[in-house]
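Data from run.tsv: TSV, C-alpha atoms
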chain	number	residue	atom	x	y	z
I	29	MET	CA	82.80	49.63	41.31
I	30	TYR	CA	79.85	47.60	40.03
I	31	ILE	CA	76.83	47.22	42.32
I	32	PHE	CA	74.15	44.58	41.83
I	33	LEU	CA	70.91	45.11	43.74
I	34	SER	CA	69.32	41.79	44.64
I	35	PRO	CA	65.79	41.85	46.08
I	36	HIS	CA	66.36	38.46	47.73
I	37	PHE	CA	69.42	36.37	48.52
I	38	ASP	CA	69.54	34.64	45.14
I	39	ASP	CA	68.21	37.06	42.52
I	40	ALA	CA	71.37	38.83	41.38
I	41	VAL	CA	73.33	35.57	41.23
I	42	TYR	CA	70.56	33.69	39.41
I	43	SER	CA	70.24	36.54	36.91
I	44	CYS	CA	73.71	38.04	36.49
I	45	ALA	CA	76.39	35.60	37.65
I	46	GLY	CA	77.93	35.22	34.20
I	47	LEU	CA	78.56	38.95	33.94
I	48	ILE	CA	79.69	39.16	37.57
I	49	HIS	CA	82.27	36.49	36.83
I	50	GLN	CA	83.44	38.40	33.74
I	51	LEU	CA	83.81	41.60	35.73
I	52	HIS	CA	85.96	39.87	38.34
I	53	GLU	CA	88.12	38.33	35.62
I	54	ARG	CA	88.69	41.85	34.29
I	55	GLY	CA	89.86	42.96	37.71
I	56	GLU	CA	86.74	44.97	38.58
I	57	THR	CA	85.25	45.27	42.08
I	58	VAL	CA	81.73	43.88	42.42
I	59	LYS	CA	79.34	44.18	45.37
I	60	ILE	CA	76.01	42.38	45.66
I	61	VAL	CA	73.54	44.26	47.86
I	62	THR	CA	70.68	42.05	49.02
I	63	VAL	CA	67.86	44.39	49.98
I	64	MET	CA	65.20	42.17	51.59
I	65	ALA	CA	67.63	40.38	53.91
I	66	GLY	CA	66.18	41.30	57.30
I	67	ASP	CA	65.63	38.87	60.15
I	68	VAL	CA	62.52	36.79	60.62
I	69	PRO	CA	60.18	38.84	62.84
I	70	ASP	CA	59.27	37.85	66.39
I	71	PRO	CA	56.50	36.88	66.67
I	72	LEU	CA	56.50	35.12	63.32
I	73	PRO	CA	53.27	35.69	61.35
I	74	ASP	CA	51.36	32.43	60.99
I	75	THR	CA	50.43	32.40	57.32
I	76	PRO	CA	49.94	29.61	54.76
I	77	LEU	CA	52.75	31.08	52.62
I	78	ILE	CA	55.32	31.18	55.42
I	79	ARG	CA	54.46	27.61	56.47
I	80	GLU	CA	54.82	26.44	52.87
I	81	LEU	CA	58.13	28.25	52.28
I	82	HIS	CA	59.76	27.17	55.54
I	83	ALA	CA	58.80	23.54	54.90
I	84	ARG	CA	60.14	23.68	51.33
I	85	TRP	CA	63.38	25.43	52.25
I	86	ALA	CA	64.17	22.99	55.08
I	87	ALA	CA	66.57	25.66	56.33
I	88	GLY	CA	66.23	25.13	60.07
I	89	THR	CA	64.80	27.29	62.81
I	90	ASP	CA	66.49	30.44	61.47
I	91	PRO	CA	66.02	30.26	57.69
I	92	ILE	CA	67.28	33.80	57.11
I	93	ALA	CA	70.61	33.00	58.75
I	94	THR	CA	70.87	29.94	56.52
I	95	ARG	CA	70.03	31.94	53.42
I	96	ARG	CA	72.57	34.63	54.32
I	97	ARG	CA	75.27	31.97	54.52
I	98	GLU	CA	74.18	30.62	51.13
I	99	ASP	CA	74.34	34.12	49.69
I	100	GLU	CA	77.81	34.73	51.06
I	101	ALA	CA	79.01	31.39	49.67
I	102	ALA	CA	77.55	32.18	46.23
I	103	ALA	CA	79.19	35.61	46.19
I	104	GLU	CA	82.51	34.10	47.29
I	105	THR	CA	82.28	31.66	44.37
I	106	LEU	CA	82.13	34.72	42.08
I	107	SER	CA	84.73	36.70	44.09
I	108	ALA	CA	82.10	39.38	44.81
I	109	GLY	CA	81.45	41.20	48.05
I	110	THR	CA	78.11	41.14	49.86
I	111	ARG	CA	76.04	43.60	51.83
I	112	HIS	CA	72.73	42.67	53.46
I	113	LEU	CA	70.14	45.32	54.27
I	114	ASP	CA	67.67	44.79	57.08
I	115	ILE	CA	64.28	44.99	55.32
I	116	PRO	CA	62.44	41.67	55.77
I	117	ASP	CA	61.21	39.65	52.81
I	118	CYS	CA	57.65	40.59	51.83
I	119	VAL	CA	56.28	37.34	53.28
I	120	TYR	CA	57.33	38.56	56.74
I	121	ARG	CA	56.21	42.19	56.48
I	122	THR	CA	53.20	43.25	58.52
I	123	HIS	CA	51.04	46.26	59.32
I	124	GLU	CA	49.75	46.46	62.87
I	125	GLY	CA	50.67	42.81	63.31
I	126	VAL	CA	48.81	41.58	60.23
I	127	ALA	CA	50.79	39.92	57.42
I	128	LEU	CA	50.55	41.90	54.17
I	129	TYR	CA	51.29	39.01	51.78
I	130	PRO	CA	49.90	35.84	53.38
I	131	HIS	CA	48.58	33.64	50.58
I	132	GLY	CA	51.12	33.06	47.81
I	133	ASP	CA	51.24	34.06	44.16
I	134	ALA	CA	48.11	36.22	44.20
I	135	ASP	CA	49.73	38.36	46.90
I	136	ILE	CA	53.44	38.41	46.13
I	137	PHE	CA	53.00	38.82	42.37
I	138	GLY	CA	50.25	41.41	42.71
I	139	PRO	CA	50.41	45.12	43.49
I	140	VAL	CA	52.55	46.44	46.31
I	141	HIS	CA	50.36	46.66	49.40
I	142	PRO	CA	49.50	50.31	50.19
I	143	GLN	CA	50.54	49.78	53.82
I	144	ASP	CA	53.81	48.03	53.00
I	145	PRO	CA	56.51	49.79	55.05
I	146	ALA	CA	59.26	48.79	52.62
I	147	ARG	CA	58.48	51.52	50.11
I	148	THR	CA	58.77	54.28	52.71
I	149	ILE	CA	61.97	52.76	54.08
I	150	LEU	CA	63.53	52.65	50.60
I	151	ASP	CA	62.33	56.14	49.72
I	152	ASN	CA	64.36	57.41	52.67
I	153	LEU	CA	67.36	55.11	52.27
I	154	PRO	CA	70.45	56.35	50.41
I	155	MET	CA	71.74	54.03	47.72
I	156	PRO	CA	74.67	51.98	49.07
I	157	TYR	CA	78.07	52.85	47.59
I	158	ALA	CA	76.53	55.85	45.80
I	159	ASP	CA	79.79	57.78	46.01
I	160	CYS	CA	81.93	55.10	44.35
I	161	ALA	CA	79.65	53.04	42.09
I	162	THR	CA	80.25	53.42	38.37
I	163	THR	CA	77.41	51.10	37.33
I	164	LEU	CA	74.33	50.03	39.27
I	165	TYR	CA	72.40	46.91	38.23
I	166	ALA	CA	68.80	46.52	39.35
I	167	PRO	CA	66.02	44.06	38.50
I	168	MET	CA	63.64	44.78	35.65
I	169	ALA	CA	60.94	43.23	37.90
I	170	ILE	CA	59.95	40.67	35.28
I	171	GLY	CA	57.19	38.59	36.86
I	172	ASN	CA	56.06	41.54	39.01
I	173	HIS	CA	57.20	40.17	42.37
I	174	VAL	CA	56.49	42.98	44.83
I	175	ASP	CA	60.05	42.99	46.22
I	176	HIS	CA	61.52	43.18	42.72
I	177	VAL	CA	59.20	46.08	41.87
I	178	LEU	CA	60.19	47.94	45.04
I	179	VAL	CA	63.92	47.50	44.39
I	180	ARG	CA	63.59	48.49	40.73
I	181	ASP	CA	61.66	51.63	41.64
I	182	TRP	CA	64.20	52.47	44.34
I	183	ALA	CA	67.01	52.26	41.78
I	184	LEU	CA	65.11	54.36	39.25
I	185	ALA	CA	64.48	57.07	41.83
I	186	HIS	CA	67.76	57.05	43.74
I	187	THR	CA	70.59	56.21	41.36
I	188	HIS	CA	73.39	58.75	41.81
I	189	PRO	CA	73.62	61.17	38.84
I	190	GLY	CA	77.14	59.99	38.04
I	191	THR	CA	76.23	56.29	38.03
I	192	GLU	CA	75.08	54.30	35.02
I	193	LEU	CA	71.85	52.35	35.69
I	194	VAL	CA	71.29	48.98	34.04
I	195	LEU	CA	68.24	46.74	34.52
I	196	TYR	CA	68.69	42.98	34.42
I	197	ALA	CA	66.39	40.16	33.35
I	198	ASP	CA	65.09	38.51	36.52
I	199	TYR	CA	65.76	34.78	36.16
I	200	PRO	CA	63.86	32.43	36.21
I	201	TYR	CA	60.85	34.72	35.64
I	202	SER	CA	62.52	35.95	32.46
I	203	THR	CA	62.04	32.56	30.81
I	204	ASP	CA	58.51	33.81	30.04
I	205	ALA	CA	58.63	36.09	26.96
I	206	ASP	CA	55.22	37.55	27.77
I	207	ALA	CA	56.41	38.48	31.27
I	208	ILE	CA	59.32	40.38	29.74
I	209	LYS	CA	56.95	42.31	27.47
I	210	THR	CA	54.66	43.09	30.41
I	211	ALA	CA	57.57	44.38	32.50
I	212	LEU	CA	58.81	46.62	29.69
I	213	ALA	CA	55.30	47.93	29.04
I	214	GLY	CA	54.83	48.67	32.74
I	215	LEU	CA	57.82	50.99	32.97
I	216	ASP	CA	57.53	54.74	32.68
I	217	GLN	CA	57.38	55.15	28.91
I	218	THR	CA	59.45	58.34	29.08
I	219	LEU	CA	62.45	56.14	29.97
I	220	THR	CA	64.78	55.21	27.14
I	221	LEU	CA	66.27	51.72	27.35
I	222	GLU	CA	69.02	50.18	25.25
I	223	GLU	CA	68.96	46.39	25.26
I	224	ARG	CA	72.31	44.68	25.77
I	225	ILE	CA	72.88	40.98	25.07
I	226	VAL	CA	76.08	40.05	26.92
I	227	PRO	CA	77.86	36.94	25.57
I	228	ILE	CA	78.71	34.38	28.24
I	229	LYS	CA	81.78	32.16	27.89
I	230	THR	CA	81.97	28.57	29.12
I	231	ALA	CA	83.90	29.63	32.22
I	232	ASP	CA	81.23	32.24	32.99
I	233	PHE	CA	78.50	29.62	32.62
I	234	GLU	CA	80.29	27.21	34.93
I	235	ALA	CA	80.75	29.98	37.49
I	236	ARG	CA	77.07	30.85	37.23
I	237	VAL	CA	76.04	27.25	37.87
I	238	ALA	CA	78.53	26.85	40.72
I	239	ALA	CA	77.20	30.00	42.39
I	240	ALA	CA	73.56	28.96	41.90
I	241	ARG	CA	74.32	25.62	43.58
I	242	GLN	CA	75.13	27.43	46.82
I	243	TYR	CA	71.45	28.21	47.32
I	244	GLN	CA	70.56	24.70	48.43
I	245	SER	CA	67.38	25.87	50.18
I	246	GLN	CA	66.05	27.24	46.89
I	247	VAL	CA	66.74	24.46	44.38
I	248	SER	CA	63.41	22.71	44.99
I	249	THR	CA	61.50	25.94	44.42
I	250	PHE	CA	62.43	26.05	40.75
I	251	TRP	CA	63.95	22.70	39.71
I	252	ALA	CA	63.71	18.98	40.38
I	253	ASP	CA	67.43	18.73	41.18
I	254	GLU	CA	70.81	20.34	40.44
I	255	ASN	CA	71.22	18.61	37.09
I	256	THR	CA	67.85	19.95	35.98
I	257	MET	CA	68.90	23.39	37.19
I	258	ARG	CA	72.11	23.27	35.16
I	259	GLU	CA	70.29	22.22	32.00
I	260	ALA	CA	67.58	24.86	32.51
I	261	ILE	CA	70.18	27.62	32.92
I	262	TYR	CA	72.04	26.44	29.81
I	263	GLN	CA	68.87	26.37	27.72
I	264	TYR	CA	67.82	29.80	28.96
I	265	LEU	CA	71.18	31.42	28.22
I	266	SER	CA	71.30	29.74	24.82
I	267	HIS	CA	67.82	31.01	23.97
I	268	THR	CA	68.75	34.51	25.14
I	269	GLY	CA	71.78	34.53	22.85
I	270	ASP	CA	69.96	32.93	19.90
I	271	GLY	CA	72.12	29.83	20.09
I	272	GLN	CA	75.06	31.38	21.93
I	273	LEU	CA	75.17	31.65	25.72
I	274	ALA	CA	74.22	35.18	26.81
I	275	GLU	CA	72.54	37.28	29.51
I	276	ARG	CA	70.10	40.13	28.86
I	277	TYR	CA	70.28	43.67	30.24
I	278	TRP	CA	68.76	47.08	29.51
I	279	ARG	CA	70.84	50.24	29.92
I	280	LEU	CA	68.96	53.36	30.92
I	281	THR	CA	69.96	56.12	28.51
I	282	ARG	CA	67.66	59.00	29.43
Take the structure I supplied and represent it as structure tokens, if you would.
Amino acid sequence: MYIFLSPHFDDAVYSCAGLIHQLHERGETVKIVTVMAGDVPDPLPDTPLIRELHARWAAGTDPIATRRREDEAAAETLSAGTRHLDIPDCVYRTHEGVALYPHGDADIFGPVHPQDPARTILDNLPMPYADCATTLYAPMAIGNHVDHVLVRDWALAHTHPGTELVLYADYPYSTDADAIKTALAGLDQTLTLEERIVPIKTADFEARVAAARQYQSQVSTFWADENTMREAIYQYLSHTGDGQLAERYWRLTR
């Protein structure tokens, strides 16, 4: 079984859908585990970032329920299973009622807050499907989003000894070559990584685009429209494969 850890509802699909499609075509079982998939808290923190995101998503009064449905539809497009954990997205996490990441990029792409409960929760949470996973995919945390960092560190610390661990290039943050270098440099330098460039066929690309389209609430965050999204994905995969469509991964070999 192949397990893909997704910090948020779209990350694994945005980053790995071509490979996920290939695995299904080979008859493999794939599960996407979305880690920060918990409900919106009550009361909802009143922060500039939450107001901005909810307005942009236009996902109704229960945006998490909407995003879960999008995630399930994307996974179904790829014939993958889904599992949603109950840790809230970082924008909703609080300490003693105070939002930990209230203001946008400076917060969510900065260091993990020392009072963030998510790290303790993950430190004490067994890895899903640990007894039957053959390969676990986790984000490299390119771009340094706090949720990506937390999920990456969880995978590094809790991957079952019999499971292969592979880090994936977090798209769209991985379009920035400097961000990739920063992420690699920020890892424990005792780790040994083997880069893998995985060729993506036309059918894999089309499946990747079709799955990405399911996240209607997120299109406006990264692209002007769906056509722009499709072209951006094509250009990114082509650049990754030096003219051939490909996705980038790093296998942990230590």
Requested in this report: Could you please give me, as a VMD selection string, the residues of protein, DNA or RNA lying at most 12 Å from (57.8, 34.2, 55.2) in the coordinate frame of the file, considering all atoms listed in the file?
Outcome: chain I and resid 64 to 85 90 to 92 116 to 122 127 to 132 136
Requested in this report: Might you pull out every residue within 8 Å of Asp198 of chain I, with only C-alpha atoms counted and same-chain residues fewer than 4 positions away left off, and present them as a count of residues only?
Outcome: 10
Rows by chain and residue number, segment 31-113 of chain I within 10 Å of segment 220-236 of chain I, shortest pair, all atoms listed in the file, as a tab-separated table:
residue	atom	partner	partner_atom	distance
I:Val41	CA	I:Arg236	CA	7.2
I:Tyr42	CA	I:Arg236	CA	7.4
I:Ser43	CA	I:Arg236	CA	8.9
I:Cys44	CA	I:Arg236	CA	8.0
I:Ala45	CA	I:Arg236	CA	4.8
I:Gly46	CA	I:Asp232	CA	4.6
I:Leu47	CA	I:Asp232	CA	7.3
I:Ile48	CA	I:Asp232	CA	8.4
I:His49	CA	I:Asp232	CA	5.8
I:Gln50	CA	I:Asp232	CA	6.6
I:Glu53	CA	I:Asp232	CA	9.6
I:Ala102	CA	I:Arg236	CA	9.1
I:Thr105	CA	I:Ala235	CA	7.2
I:Leu106	CA	I:Ala235	CA	6.7
Report summary line: With distances taken over only C-alpha atoms, the candidate from I:Tyr196, I:Tyr264, I:Phe137, I:Trp251 nearest Leu164 of chain I is I:Tyr196
Requested in this report: Please provide the set of residues having any atom within 10 Å of Pro139 of chain I, restricted to all atoms listed in the file, with same-chain residues fewer than 3 positions apart removed, written as a ChimeraX atom specification.
Outcome: /I:134-136,142,172-174,177
Query - Long-range neighbours of Arg95 of chain I as a list in words, 10 Å cut-off, only C-alpha atoms, 6 positions minimum in chain - result: His36, Phe37, Asp38, Ala65, Trp85, Ala87, Ala101, Gln242, Tyr243, Gln244, Ser245 and Gln246 of chain I
Starting from 6 Å padding per side, set up an axis-aligned box that covers all listed atoms of segment 198-213 of chain I and hand over centre and edge lengths in Å, one decimal, as AutoDock Vina command-line options.
--center_x 60.2 --center_y 40.2 --center_z 31.7 --size_x 23.1 --size_y 27.5 --size_z 21.6
Using only C-alpha atoms, list the residues that have an atom at most 6 Å from (81.5, 41.2, 51.5), coordinates as in the file, as a PDB file with C-alpha atoms, in the frame of the given file.
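This went into result_37.pdb:
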ATOM      1  CA  GLY I 109      81.450  41.200  48.050  1.00  0.00           C
ATOM      2  CA  THR I 110      78.110  41.140  49.860  1.00  0.00           C
ATOM      3  CA  ARG I 111      76.040  43.600  51.830  1.00  0.00           C
TER       4      ARG I 111
END
Query raised in the report: Hey, which of I:Arg54, I:Leu273, I:Ala161, I:Ile60 ends up closest to Glu104 of chain I? Count only C-alpha atoms.
Result: I:Ile60
Report task. Determine, counting all atoms listed in the file, which protein, DNA and RNA residues have an atom within 10 Å of an atom of Met155 of chain I; residues of the same chain fewer than 4 positions away are not included. Present the result as a PyMOL selection string. Result -> chain I and resi 33+61+150-151+159+161+164+182-183+185-188
**Report entry** I:Tyr157, I:Ala238, I:Glu98, I:Ile149 ranked by distance to Lys59 of chain I, top pick (using all atoms listed in the file)
**Finding:**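 The shortest atom-to-atom distance to Lys59 of chain I comes from I:Tyr157.
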